[in-house]
file coords-v1.cif (mmCIF, C-alpha atoms and all ligand atoms)
data_entry
loop_
_atom_site.label_atom_id
_atom_site.label_comp_id
_atom_site.auth_asym_id
_atom_site.auth_seq_id
_atom_site.Cartn_x
_atom_site.Cartn_y
_atom_site.Cartn_z
CA MET A 27 -0.73 -68.78 -19.06
CA ALA A 28 -3.52 -67.67 -21.31
CA TRP A 29 -3.69 -68.96 -24.82
CA PHE A 30 -5.02 -65.83 -26.17
CA LYS A 31 -4.04 -62.48 -25.00
CA LYS A 32 -5.72 -59.36 -25.99
CA THR A 33 -3.04 -56.89 -26.56
CA ARG A 34 -4.05 -53.47 -25.50
CA LYS A 35 -3.67 -51.04 -28.21
CA PRO A 36 -2.16 -47.81 -27.14
CA MET A 37 -4.60 -44.96 -26.97
CA ALA A 38 -5.20 -43.76 -30.47
CA THR A 39 -3.90 -40.30 -30.97
CA PRO A 40 -5.72 -38.24 -33.54
CA ALA A 41 -3.96 -38.06 -36.84
CA LYS A 42 -1.64 -35.17 -36.96
CA GLU A 43 -3.47 -32.05 -37.96
CA LYS A 44 -2.71 -30.89 -41.40
CA PRO A 45 -0.41 -27.96 -41.29
CA SER A 46 -2.49 -24.84 -41.43
CA ARG A 47 -2.17 -22.78 -44.53
CA VAL A 48 -2.85 -19.63 -42.60
CA PRO A 49 0.39 -18.03 -41.49
CA GLU A 50 0.85 -17.97 -37.74
CA GLY A 51 -0.52 -14.91 -36.05
CA LEU A 52 -2.77 -13.68 -38.87
CA TRP A 53 -5.98 -14.72 -37.17
CA VAL A 54 -6.96 -14.68 -33.54
CA LYS A 55 -9.75 -16.55 -31.81
CA CYS A 56 -11.75 -14.43 -29.43
CA PRO A 57 -11.93 -16.03 -25.97
CA GLY A 58 -15.26 -14.27 -25.44
CA CYS A 59 -17.31 -15.44 -28.42
CA SER A 60 -14.98 -17.89 -30.23
CA GLN A 61 -15.18 -15.75 -33.33
CA VAL A 62 -12.09 -15.87 -35.51
CA ILE A 63 -10.90 -12.34 -36.13
CA TYR A 64 -8.40 -11.06 -38.65
CA ASN A 65 -5.46 -9.65 -36.76
CA LYS A 66 -5.43 -6.35 -38.63
CA ASP A 67 -9.14 -5.82 -37.99
CA LEU A 68 -8.53 -6.46 -34.32
CA ALA A 69 -5.67 -3.97 -34.22
CA ALA A 70 -7.78 -1.37 -36.03
CA ASN A 71 -10.44 -1.86 -33.36
CA LEU A 72 -7.95 -1.20 -30.52
CA SER A 73 -7.79 -4.93 -29.75
CA VAL A 74 -11.46 -5.09 -28.83
CA CYS A 75 -13.52 -7.91 -30.39
CA PRO A 76 -15.91 -6.28 -32.90
CA LYS A 77 -18.52 -8.96 -32.15
CA CYS A 78 -18.69 -9.25 -28.36
CA ALA A 79 -16.45 -6.35 -27.20
CA HIS A 80 -14.03 -8.67 -25.43
CA HIS A 81 -11.00 -6.58 -24.47
CA PHE A 82 -7.75 -8.28 -25.41
CA ARG A 83 -4.74 -7.46 -23.30
CA ILE A 84 -2.50 -4.90 -24.97
CA ASN A 85 1.05 -3.90 -24.16
CA ALA A 86 2.30 -0.67 -22.65
CA SER A 87 3.36 1.04 -25.85
CA GLU A 88 0.13 0.10 -27.69
CA ARG A 89 -1.68 1.71 -24.78
CA LEU A 90 0.28 4.94 -25.18
CA ARG A 91 -0.34 4.94 -28.92
CA MET A 92 -4.04 4.64 -28.17
CA LEU A 93 -4.10 7.53 -25.68
CA PHE A 94 -1.62 10.10 -26.96
CA ASP A 95 -2.37 12.30 -29.97
CA GLY A 96 0.93 11.47 -31.60
CA GLU A 97 4.53 11.39 -30.47
CA TRP A 98 5.45 11.16 -26.82
CA ILE A 99 8.63 11.70 -24.83
CA GLU A 100 9.66 8.78 -22.68
CA TYR A 101 11.55 9.34 -19.41
CA ASP A 102 13.96 7.25 -17.37
CA LYS A 103 14.04 4.57 -20.03
CA GLU A 104 17.39 3.25 -18.86
CA LEU A 105 16.56 2.65 -15.18
CA VAL A 106 17.13 -1.02 -14.43
CA SER A 107 16.81 -3.19 -11.33
CA THR A 108 20.06 -4.13 -9.61
CA ASP A 109 18.59 -7.22 -7.86
CA PRO A 110 19.24 -5.69 -4.44
CA LEU A 111 18.50 -8.89 -2.49
CA GLY A 112 20.36 -11.28 -4.79
CA PHE A 113 17.08 -13.20 -4.92
CA THR A 114 16.59 -16.71 -6.28
CA ASP A 115 13.36 -18.71 -6.37
CA THR A 116 13.02 -21.40 -9.03
CA LYS A 117 15.26 -19.19 -11.12
CA PRO A 118 17.61 -16.39 -10.17
CA TYR A 119 15.85 -13.03 -10.33
CA LYS A 120 18.73 -11.73 -12.47
CA SER A 121 17.95 -14.23 -15.22
CA ARG A 122 14.21 -13.47 -15.02
CA LEU A 123 15.05 -9.81 -15.53
CA LYS A 124 17.31 -10.62 -18.44
CA ALA A 125 14.64 -12.76 -20.14
CA SER A 126 11.98 -10.06 -19.71
CA ILE A 127 14.28 -7.34 -21.00
CA GLU A 128 14.92 -9.45 -24.07
CA SER A 129 11.29 -10.39 -24.72
CA THR A 130 9.74 -6.94 -24.16
CA GLY A 131 12.57 -4.65 -25.21
CA MET A 132 11.92 -2.67 -22.04
CA LYS A 133 14.16 -2.30 -18.97
CA ASP A 134 11.29 -2.65 -16.49
CA ALA A 135 7.52 -2.97 -16.27
CA VAL A 136 6.41 0.61 -16.93
CA ILE A 137 6.72 3.34 -19.54
CA VAL A 138 6.44 6.90 -18.24
CA ALA A 139 5.95 9.52 -20.91
CA THR A 140 4.58 12.97 -21.60
CA GLY A 141 2.51 13.95 -24.58
CA THR A 142 -0.90 15.37 -25.33
CA VAL A 143 -4.29 13.72 -25.01
CA ASP A 144 -6.74 15.56 -27.22
CA GLY A 145 -4.54 18.64 -26.94
CA ILE A 146 -4.06 18.41 -23.16
CA PRO A 147 -0.47 17.89 -21.97
CA VAL A 148 -0.44 14.83 -19.68
CA VAL A 149 2.04 12.52 -17.96
CA ILE A 150 1.03 8.91 -18.56
CA ALA A 151 2.54 5.88 -16.85
CA SER A 152 1.62 2.69 -18.65
CA MET A 153 2.37 -0.67 -17.04
CA GLU A 154 3.54 -3.69 -19.02
CA TYR A 155 2.13 -7.07 -17.98
CA GLY A 156 4.62 -8.92 -20.14
CA PHE A 157 7.45 -7.85 -17.85
CA ILE A 158 7.32 -10.23 -14.85
CA GLY A 159 3.55 -9.83 -14.60
CA GLY A 160 3.71 -6.04 -14.60
CA SER A 161 5.01 -6.30 -11.06
CA MET A 162 6.01 -3.18 -9.17
CA GLY A 163 9.60 -3.21 -8.07
CA VAL A 164 11.97 -0.40 -7.19
CA VAL A 165 12.32 0.73 -10.80
CA VAL A 166 8.57 0.89 -11.45
CA GLY A 167 8.07 2.82 -8.23
CA GLU A 168 10.89 5.22 -8.99
CA LYS A 169 9.77 5.86 -12.56
CA ILE A 170 6.17 6.54 -11.58
CA ALA A 171 7.20 8.77 -8.66
CA ARG A 172 9.55 10.75 -10.91
CA GLY A 173 6.77 11.03 -13.51
CA ILE A 174 4.44 12.51 -10.89
CA GLU A 175 7.14 14.95 -9.78
CA ARG A 176 7.67 15.96 -13.38
CA ALA A 177 3.93 16.56 -13.65
CA ILE A 178 4.02 18.78 -10.57
CA ALA A 179 6.94 20.79 -11.97
CA ALA A 180 5.16 21.29 -15.30
CA GLN A 181 1.66 21.59 -13.78
CA MET A 182 0.27 18.67 -15.75
CA PRO A 183 -2.28 16.01 -14.81
CA VAL A 184 -1.24 12.37 -14.36
CA VAL A 185 -2.82 9.24 -15.81
CA ILE A 186 -1.59 5.82 -14.66
CA VAL A 187 -2.70 2.81 -16.65
CA CYS A 188 -2.46 -0.12 -14.24
CA CYS A 189 -1.86 -3.63 -15.49
CA SER A 190 -0.09 -5.51 -12.77
CA GLY A 191 0.05 -8.58 -10.59
CA GLY A 192 1.14 -6.43 -7.65
CA ALA A 193 4.39 -5.81 -5.83
CA ARG A 194 7.50 -7.61 -7.09
CA MET A 195 8.24 -10.20 -4.47
CA MET A 196 11.80 -10.72 -5.70
CA GLU A 197 12.55 -7.28 -4.29
CA GLY A 198 10.86 -8.02 -0.97
CA ALA A 199 10.18 -5.10 1.35
CA LEU A 200 11.80 -2.69 -1.12
CA SER A 201 8.97 -3.34 -3.57
CA LEU A 202 6.37 -2.75 -0.85
CA MET A 203 7.94 0.63 -0.08
CA GLN A 204 7.06 1.75 -3.61
CA MET A 205 3.40 1.80 -2.60
CA ALA A 206 4.12 4.49 0.00
CA LYS A 207 6.53 6.35 -2.29
CA ILE A 208 4.03 6.66 -5.14
CA CYS A 209 1.17 7.54 -2.78
CA GLY A 210 3.36 10.24 -1.23
CA ALA A 211 4.06 11.72 -4.66
CA LEU A 212 0.34 11.59 -5.48
CA ALA A 213 -0.45 13.46 -2.28
CA ARG A 214 1.93 16.23 -3.38
CA LEU A 215 0.20 16.26 -6.78
CA ASP A 216 -3.12 16.58 -5.01
CA ARG A 217 -1.88 19.54 -2.97
CA GLN A 218 -1.05 21.26 -6.25
CA LYS A 219 -4.69 20.67 -7.29
CA LEU A 220 -3.61 18.62 -10.27
CA PRO A 221 -5.83 15.71 -11.29
CA PHE A 222 -4.82 12.06 -11.24
CA LEU A 223 -6.84 9.55 -13.23
CA SER A 224 -6.35 5.87 -12.57
CA VAL A 225 -7.15 3.52 -15.44
CA LEU A 226 -7.53 -0.07 -14.25
CA THR A 227 -7.11 -2.75 -16.87
CA ASP A 228 -7.07 -6.53 -16.76
CA PRO A 229 -5.48 -7.46 -14.35
CA THR A 230 -4.92 -4.97 -11.53
CA THR A 231 -4.18 -6.82 -8.32
CA GLY A 232 -2.08 -6.95 -5.17
CA GLY A 233 0.00 -4.02 -4.01
CA VAL A 234 -0.96 -1.90 -7.00
CA THR A 235 -4.68 -2.09 -6.14
CA ALA A 236 -3.77 -1.57 -2.51
CA SER A 237 -2.02 1.69 -3.29
CA PHE A 238 -2.15 4.09 -6.22
CA ALA A 239 -4.62 2.27 -8.49
CA MET A 240 -7.50 3.13 -6.15
CA LEU A 241 -6.38 6.70 -5.42
CA GLY A 242 -7.50 8.35 -8.64
CA ASP A 243 -9.68 11.43 -8.61
CA LEU A 244 -11.50 9.14 -11.00
CA ASN A 245 -10.97 5.40 -11.04
CA ILE A 246 -11.84 4.19 -14.52
CA ALA A 247 -11.79 0.51 -15.44
CA GLU A 248 -12.04 -1.41 -18.66
CA PRO A 249 -14.97 -3.84 -18.95
CA LYS A 250 -14.63 -7.23 -17.24
CA ALA A 251 -11.13 -6.48 -15.96
CA LEU A 252 -9.92 -8.51 -13.00
CA ILE A 253 -9.39 -6.04 -10.18
CA GLY A 254 -8.72 -7.10 -6.64
CA PHE A 255 -6.20 -7.50 -3.86
CA ALA A 256 -5.88 -11.18 -3.01
CA GLY A 257 -6.98 -13.98 -5.34
CA PRO A 258 -10.51 -15.41 -4.94
CA ARG A 259 -9.27 -18.75 -3.60
CA VAL A 260 -7.34 -17.13 -0.78
CA ILE A 261 -10.39 -15.07 0.18
CA GLU A 262 -12.72 -18.08 0.08
CA GLN A 263 -10.41 -20.00 2.36
CA THR A 264 -10.10 -17.08 4.76
CA ILE A 265 -13.74 -16.08 5.09
CA ARG A 266 -15.05 -19.63 4.49
CA GLN A 267 -17.77 -18.42 2.18
CA LYS A 268 -18.52 -18.91 -1.47
CA LEU A 269 -17.86 -15.75 -3.42
CA PRO A 270 -20.61 -14.22 -5.56
CA GLU A 271 -20.70 -14.39 -9.35
CA GLY A 272 -18.53 -11.86 -11.16
CA PHE A 273 -16.58 -11.15 -8.01
CA GLN A 274 -13.50 -8.94 -8.62
CA ARG A 275 -14.62 -7.88 -12.08
CA SER A 276 -15.06 -4.22 -13.07
CA GLU A 277 -18.86 -4.29 -13.28
CA PHE A 278 -19.21 -5.88 -9.85
CA LEU A 279 -16.84 -3.33 -8.33
CA LEU A 280 -18.67 -0.45 -9.99
CA GLU A 281 -21.92 -1.68 -8.48
CA LYS A 282 -20.28 -1.84 -5.05
CA GLY A 283 -18.88 1.67 -5.35
CA MET A 284 -15.21 0.73 -5.71
CA LEU A 285 -14.97 2.32 -9.16
CA ASP A 286 -16.33 5.45 -10.76
CA LEU A 287 -16.66 4.34 -14.34
CA VAL A 288 -16.39 1.29 -16.55
CA VAL A 289 -15.44 2.49 -20.00
CA ASP A 290 -14.99 0.65 -23.28
CA ARG A 291 -11.42 0.97 -24.54
CA ARG A 292 -12.64 2.66 -27.71
CA GLU A 293 -14.12 5.47 -25.58
CA MET A 294 -11.21 5.67 -23.15
CA LYS A 295 -9.29 8.54 -24.72
CA ALA A 296 -12.37 10.75 -25.09
CA THR A 297 -13.44 9.94 -21.53
CA ILE A 298 -10.03 10.87 -20.13
CA ALA A 299 -9.91 14.11 -22.12
CA ASN A 300 -13.44 15.06 -21.04
CA ALA A 301 -12.72 14.30 -17.40
CA LEU A 302 -9.51 16.35 -17.47
CA ARG A 303 -11.33 19.28 -19.05
CA PHE A 304 -14.09 18.99 -16.49
CA MET A 305 -11.45 19.10 -13.77
CA GLY A 306 -10.20 22.35 -15.22
CA THR A 307 -6.96 21.20 -16.81
CA ARG A 308 -5.44 23.84 -18.98
CA GLN A 309 -5.15 23.20 -22.66
CA ALA A 310 -2.30 25.71 -22.96
CA PRO A 311 1.12 24.34 -23.86
CA VAL A 312 2.84 23.62 -20.56
CA ALA A 313 6.53 22.87 -20.85
CA SER A 314 5.94 20.97 -24.05
CA GLN A 315 6.46 21.69 -27.68
CA GLN A 316 2.77 21.50 -28.41
CA PRO A 317 1.86 24.43 -30.64
CA ALA A 318 -0.93 26.53 -29.22
CA VAL A 319 -3.18 26.08 -32.22
CA ALA A 320 -6.19 25.19 -30.16
CA LEU A 321 -6.11 28.46 -28.26
CA ALA A 322 -4.95 30.74 -31.07
CA GLU A 323 -8.44 31.73 -32.13
CA PRO A 324 -10.45 33.68 -29.59
CA ILE A 325 -13.95 32.42 -29.11
CA THR A 326 -16.35 35.06 -30.38
CA GLU A 327 -19.57 35.29 -28.47
CA PRO A 328 -22.64 34.88 -30.61
CA ALA A 329 -24.62 38.07 -30.83
CA ILE A 330 -27.60 38.00 -28.54
CA PRO A 331 -30.70 39.03 -30.48
CA GLY A 332 -32.30 42.11 -29.01
CA ALA A 333 -29.18 43.30 -27.26
CA SER A 334 -27.70 46.51 -28.50
ZN ZN B 401 -15.60 -11.84 -29.24
#

call {"tool": "encode", "arguments": {"input": "coords-v1.cif", "output": "structure tokens", "more": "lines below"}}
Ligand SMILES: [Zn+2]
result
Amino acid sequence: MAWFKKTRKPMATPAKEKPSRVPEGLWVKCPGCSQVIYNKDLAANLSVCPKCAHHFRINASERLRMLFDGEWIEYDKELVSTDPLGFTDTKPYKSRLKASIESTGMKDAVIVATGTVDGIPVVIASMEYGFIGGSMGVVVGEKIARGIERAIAAQMPVVIVCCSGGARMMEGALSLMQMAKICGALARLDRQKLPFLSVLTDPTTGGVTASFAMLGDLNIAEPKALIGFAGPRVIEQTIRQKLPEGFQRSEFLLEKGMLDLVVDRREMKATIANALRFMGTRQAPVASQQPAVALAEPITEPAIPGAS
């Protein structure tokens, strides 16, 4: 037995941090440049870092507020998943649904609404990542398909803002069928010569990328968004090769021809409106209450000098 024993002190834990005087949620640290930003400034800048243009993730209704001119009409708000398979993983799917409904105030992971974008009547489907990873189950598929059908009936273009981890595995094959259902509806939209713009935001992966997200007449992404089908680790293991830098990010995909445009969120609305006008979308009020102010005044041709 040793006479002296050095008792090991437990690892010193840093003294408890003084409670911050700044109320929770007033300031945000930018993951891009570590700048501390005042929450209201960030919101005023459409949740884009004013310093380094890092795009923060925003929720579905913030997205609609950013794109629509004002009010919008939401459809099929009450559709809710019935848990058709009675699925349980680490938790029953039913309780996952319940928790997401409580935390987001939505019944499923998409809002489908009509309104005007710079005076153009549009159907927008905006996906909500906060609802089970924005996954596409039966309800998401049904709401988007109905939205497209509504657009066909009213002769309006469609914009889908993707923000999703892919198909909802808790609904098994039923969730995979939504890919075909939405693509079928988009094909009917196409036959009516109505435009569909796909806006890909961080993240757009899995079954959503593999179906409608890549079918836009224009596929527009936000900067540095993660867009892909399978995760990088799965691909590395399959092809047994190291993946290049920036793989599965918007800029890389643009370079490889997978996307048409990478657009800053602050320019998104103007870009969408311009593209829709270029594609010949009518500005006239179509089955909406939008007053026809924009078209009320006839455009007078400037007099050509020299012509009598
Ligand atoms: Zn930043």

call {"tool": "closest_residue", "arguments": {"input": "coords-v1.cif", "among": "A:Phe82, A:Phe94, A:Phe278, A:Tyr119", "to": "Val143 in chain A", "atoms": "all atoms listed in the file"}}
result
A:Phe94

call {"tool": "atom_distance", "arguments": {"input": "coords-v1.cif", "atom1": "CA of Val225 in chain A", "atom2": "CA of Val187 in chain A"}}
result
4.7 Å

call {"tool": "residues_near_ligand", "arguments": {"input": "coords-v1.cif", "ligand": "ligand ZN 401 (chain B)", "cutoff": "8 Å", "atoms": "all atoms listed in the file", "output": "mmCIF file with C-alpha atoms, in the coordinates of the input"}}
result
data_model
loop_
_atom_site.group_PDB
_atom_site.id
_atom_site.type_symbol
_atom_site.label_atom_id
_atom_site.label_comp_id
_atom_site.auth_asym_id
_atom_site.auth_seq_id
_atom_site.Cartn_x
_atom_site.Cartn_y
_atom_site.Cartn_z
ATOM 1 C CA LYS A 55 -9.750 -16.550 -31.810
ATOM 2 C CA CYS A 56 -11.750 -14.430 -29.430
ATOM 3 C CA PRO A 57 -11.930 -16.030 -25.970
ATOM 4 C CA GLY A 58 -15.260 -14.270 -25.440
ATOM 5 C CA CYS A 59 -17.310 -15.440 -28.420
ATOM 6 C CA SER A 60 -14.980 -17.890 -30.230
ATOM 7 C CA GLN A 61 -15.180 -15.750 -33.330
ATOM 8 C CA VAL A 74 -11.460 -5.090 -28.830
ATOM 9 C CA CYS A 75 -13.520 -7.910 -30.390
ATOM 10 C CA PRO A 76 -15.910 -6.280 -32.900
ATOM 11 C CA LYS A 77 -18.520 -8.960 -32.150
ATOM 12 C CA CYS A 78 -18.690 -9.250 -28.360
ATOM 13 C CA ALA A 79 -16.450 -6.350 -27.200
ATOM 14 C CA HIS A 80 -14.030 -8.670 -25.430
#

call {"tool": "residues_around", "arguments": {"input": "coords-v1.cif", "residues": "Ser224 in chain A", "least_positions_apart": "4", "cutoff": "10 Å", "atoms": "only C-alpha atoms", "output": "ChimeraX atom specification"}}
result
/A:150-151,184-188,238-247,285,298

call {"tool": "atom_distance", "arguments": {"input": "coords-v1.cif", "atom1": "CA of Ser107 in chain A", "atom2": "CA of Val234 in chain A"}}
result
18.3 Å

call {"tool": "closest_residue", "arguments": {"input": "coords-v1.cif", "among": "A:Glu197, A:Glu248, A:Asp134, A:Asp109", "to": "Arg83 in chain A", "atoms": "only C-alpha atoms"}}
result
A:Glu248

call {"tool": "axis_aligned_box", "arguments": {"input": "coords-v1.cif", "around": "range 260-267 of chain A", "padding_each_side": "4 Å", "output": "lines of an AutoDock Vina configuration file"}}
result
center_x = -12.6
center_y = -17.5
center_z = 2.2
size_x = 18.4
size_y = 12.9
size_z = 13.9

call {"tool": "closest_residue", "arguments": {"input": "coords-v1.cif", "among": "A:Asn85, A:Ser121, A:Thr307, A:Thr108", "to": "Val164 in chain A", "atoms": "only C-alpha atoms"}}
result
A:Thr108

call {"tool": "atom_distance", "arguments": {"input": "coords-v1.cif", "atom1": "CA of Phe157 in chain A", "atom2": "CA of Arg89 in chain A"}}
result
14.9 Å

call {"tool": "closest_residue", "arguments": {"input": "coords-v1.cif", "among": "A:Met196, A:Leu90, A:Cys189, A:Gly163", "to": "Gly112 in chain A", "atoms": "all atoms listed in the file"}}
result
A:Met196

call {"tool": "build_atoms", "arguments": {"input": "coords-v1.cif", "residues": "range 97-107 of chain A", "atoms": "all heavy atoms", "output": "PDB file, in the coordinates of the input"}}
result
ATOM      1  N   GLU A  97       3.252  11.713 -31.123  1.00  0.00           N
ATOM      2  CA  GLU A  97       4.530  11.390 -30.470  1.00  0.00           C
ATOM      3  C   GLU A  97       4.465  11.622 -28.971  1.00  0.00           C
ATOM      4  O   GLU A  97       3.668  12.428 -28.501  1.00  0.00           O
ATOM      5  CB  GLU A  97       5.619  12.294 -31.047  1.00  0.00           C
ATOM      6  CG  GLU A  97       5.839  12.119 -32.533  1.00  0.00           C
ATOM      7  CD  GLU A  97       6.727  10.935 -32.845  1.00  0.00           C
ATOM      8  OE1 GLU A  97       7.885  10.968 -32.429  1.00  0.00           O
ATOM      9  OE2 GLU A  97       6.242   9.970 -33.480  1.00  0.00           O
ATOM     10  N   TRP A  98       5.324  10.883 -28.248  1.00  0.00           N
ATOM     11  CA  TRP A  98       5.450  11.160 -26.820  1.00  0.00           C
ATOM     12  C   TRP A  98       6.926  11.122 -26.451  1.00  0.00           C
ATOM     13  O   TRP A  98       7.742  10.587 -27.193  1.00  0.00           O
ATOM     14  CB  TRP A  98       4.641  10.177 -25.994  1.00  0.00           C
ATOM     15  CG  TRP A  98       5.045   8.745 -26.116  1.00  0.00           C
ATOM     16  CD1 TRP A  98       6.075   8.122 -25.462  1.00  0.00           C
ATOM     17  CD2 TRP A  98       4.439   7.742 -26.938  1.00  0.00           C
ATOM     18  NE1 TRP A  98       6.133   6.796 -25.827  1.00  0.00           N
ATOM     19  CE2 TRP A  98       5.152   6.534 -26.721  1.00  0.00           C
ATOM     20  CE3 TRP A  98       3.362   7.737 -27.831  1.00  0.00           C
ATOM     21  CZ2 TRP A  98       4.821   5.343 -27.379  1.00  0.00           C
ATOM     22  CZ3 TRP A  98       3.044   6.550 -28.470  1.00  0.00           C
ATOM     23  CH2 TRP A  98       3.768   5.382 -28.248  1.00  0.00           C
ATOM     24  N   ILE A  99       7.240  11.706 -25.302  1.00  0.00           N
ATOM     25  CA  ILE A  99       8.630  11.700 -24.830  1.00  0.00           C
ATOM     26  C   ILE A  99       8.707  10.752 -23.651  1.00  0.00           C
ATOM     27  O   ILE A  99       7.998  10.937 -22.657  1.00  0.00           O
ATOM     28  CB  ILE A  99       9.069  13.118 -24.388  1.00  0.00           C
ATOM     29  CG1 ILE A  99       8.794  14.130 -25.504  1.00  0.00           C
ATOM     30  CG2 ILE A  99      10.546  13.120 -24.009  1.00  0.00           C
ATOM     31  CD1 ILE A  99       8.781  15.569 -25.031  1.00  0.00           C
ATOM     32  N   GLU A 100       9.542   9.740 -23.775  1.00  0.00           N
ATOM     33  CA  GLU A 100       9.660   8.780 -22.680  1.00  0.00           C
ATOM     34  C   GLU A 100      10.774   9.206 -21.726  1.00  0.00           C
ATOM     35  O   GLU A 100      11.796   9.736 -22.151  1.00  0.00           O
ATOM     36  CB  GLU A 100       9.965   7.386 -23.249  1.00  0.00           C
ATOM     37  CG  GLU A 100       9.882   6.329 -22.180  1.00  0.00           C
ATOM     38  CD  GLU A 100      10.191   4.927 -22.668  1.00  0.00           C
ATOM     39  OE1 GLU A 100      10.123   4.669 -23.888  1.00  0.00           O
ATOM     40  OE2 GLU A 100      10.499   4.090 -21.805  1.00  0.00           O
ATOM     41  N   TYR A 101      10.561   8.958 -20.425  1.00  0.00           N
ATOM     42  CA  TYR A 101      11.550   9.340 -19.410  1.00  0.00           C
ATOM     43  C   TYR A 101      12.107   8.125 -18.689  1.00  0.00           C
ATOM     44  O   TYR A 101      11.427   7.103 -18.564  1.00  0.00           O
ATOM     45  CB  TYR A 101      10.917  10.283 -18.395  1.00  0.00           C
ATOM     46  CG  TYR A 101      10.558  11.618 -18.995  1.00  0.00           C
ATOM     47  CD1 TYR A 101       9.250  11.904 -19.357  1.00  0.00           C
ATOM     48  CD2 TYR A 101      11.541  12.572 -19.240  1.00  0.00           C
ATOM     49  CE1 TYR A 101       8.923  13.123 -19.928  1.00  0.00           C
ATOM     50  CE2 TYR A 101      11.225  13.793 -19.808  1.00  0.00           C
ATOM     51  CZ  TYR A 101       9.919  14.063 -20.155  1.00  0.00           C
ATOM     52  OH  TYR A 101       9.593  15.257 -20.729  1.00  0.00           O
ATOM     53  N   ASP A 102      13.305   8.259 -18.204  1.00  0.00           N
ATOM     54  CA  ASP A 102      13.960   7.250 -17.370  1.00  0.00           C
ATOM     55  C   ASP A 102      13.928   5.851 -17.986  1.00  0.00           C
ATOM     56  O   ASP A 102      13.727   4.857 -17.297  1.00  0.00           O
ATOM     57  CB  ASP A 102      13.298   7.210 -15.978  1.00  0.00           C
ATOM     58  CG  ASP A 102      13.271   8.572 -15.323  1.00  0.00           C
ATOM     59  OD1 ASP A 102      14.318   9.235 -15.333  1.00  0.00           O
ATOM     60  OD2 ASP A 102      12.208   8.977 -14.813  1.00  0.00           O
ATOM     61  N   LYS A 103      14.121   5.826 -19.276  1.00  0.00           N
ATOM     62  CA  LYS A 103      14.040   4.570 -20.030  1.00  0.00           C
ATOM     63  C   LYS A 103      15.119   3.582 -19.581  1.00  0.00           C
ATOM     64  O   LYS A 103      14.924   2.374 -19.654  1.00  0.00           O
ATOM     65  CB  LYS A 103      14.253   4.929 -21.495  1.00  0.00           C
ATOM     66  CG  LYS A 103      13.671   3.947 -22.469  1.00  0.00           C
ATOM     67  CD  LYS A 103      13.872   4.479 -23.884  1.00  0.00           C
ATOM     68  CE  LYS A 103      13.508   3.439 -24.904  1.00  0.00           C
ATOM     69  NZ  LYS A 103      13.623   3.950 -26.263  1.00  0.00           N
ATOM     70  N   GLU A 104      16.245   4.113 -19.120  1.00  0.00           N
ATOM     71  CA  GLU A 104      17.390   3.250 -18.860  1.00  0.00           C
ATOM     72  C   GLU A 104      17.472   2.741 -17.413  1.00  0.00           C
ATOM     73  O   GLU A 104      18.393   2.027 -17.071  1.00  0.00           O
ATOM     74  CB  GLU A 104      18.694   3.975 -19.220  1.00  0.00           C
ATOM     75  CG  GLU A 104      18.786   4.366 -20.689  1.00  0.00           C
ATOM     76  CD  GLU A 104      18.586   3.170 -21.629  1.00  0.00           C
ATOM     77  OE1 GLU A 104      19.109   2.078 -21.323  1.00  0.00           O
ATOM     78  OE2 GLU A 104      17.889   3.329 -22.644  1.00  0.00           O
ATOM     79  N   LEU A 105      16.521   3.141 -16.579  1.00  0.00           N
ATOM     80  CA  LEU A 105      16.560   2.650 -15.180  1.00  0.00           C
ATOM     81  C   LEU A 105      16.364   1.139 -15.184  1.00  0.00           C
ATOM     82  O   LEU A 105      15.462   0.618 -15.820  1.00  0.00           O
ATOM     83  CB  LEU A 105      15.435   3.290 -14.361  1.00  0.00           C
ATOM     84  CG  LEU A 105      15.618   4.716 -13.859  1.00  0.00           C
ATOM     85  CD1 LEU A 105      14.528   5.025 -12.848  1.00  0.00           C
ATOM     86  CD2 LEU A 105      16.971   4.910 -13.227  1.00  0.00           C
ATOM     87  N   VAL A 106      17.219   0.447 -14.436  1.00  0.00           N
ATOM     88  CA  VAL A 106      17.130  -1.020 -14.430  1.00  0.00           C
ATOM     89  C   VAL A 106      17.363  -1.540 -13.016  1.00  0.00           C
ATOM     90  O   VAL A 106      18.112  -0.940 -12.234  1.00  0.00           O
ATOM     91  CB  VAL A 106      18.142  -1.596 -15.462  1.00  0.00           C
ATOM     92  CG1 VAL A 106      19.577  -1.321 -15.062  1.00  0.00           C
ATOM     93  CG2 VAL A 106      17.928  -3.076 -15.667  1.00  0.00           C
ATOM     94  N   SER A 107      16.690  -2.632 -12.685  1.00  0.00           N
ATOM     95  CA  SER A 107      16.810  -3.190 -11.330  1.00  0.00           C
ATOM     96  C   SER A 107      18.192  -3.803 -11.117  1.00  0.00           C
ATOM     97  O   SER A 107      18.747  -4.438 -12.012  1.00  0.00           O
ATOM     98  CB  SER A 107      15.752  -4.246 -11.097  1.00  0.00           C
ATOM     99  OG  SER A 107      15.966  -4.844  -9.844  1.00  0.00           O
TER     100      SER A 107
END
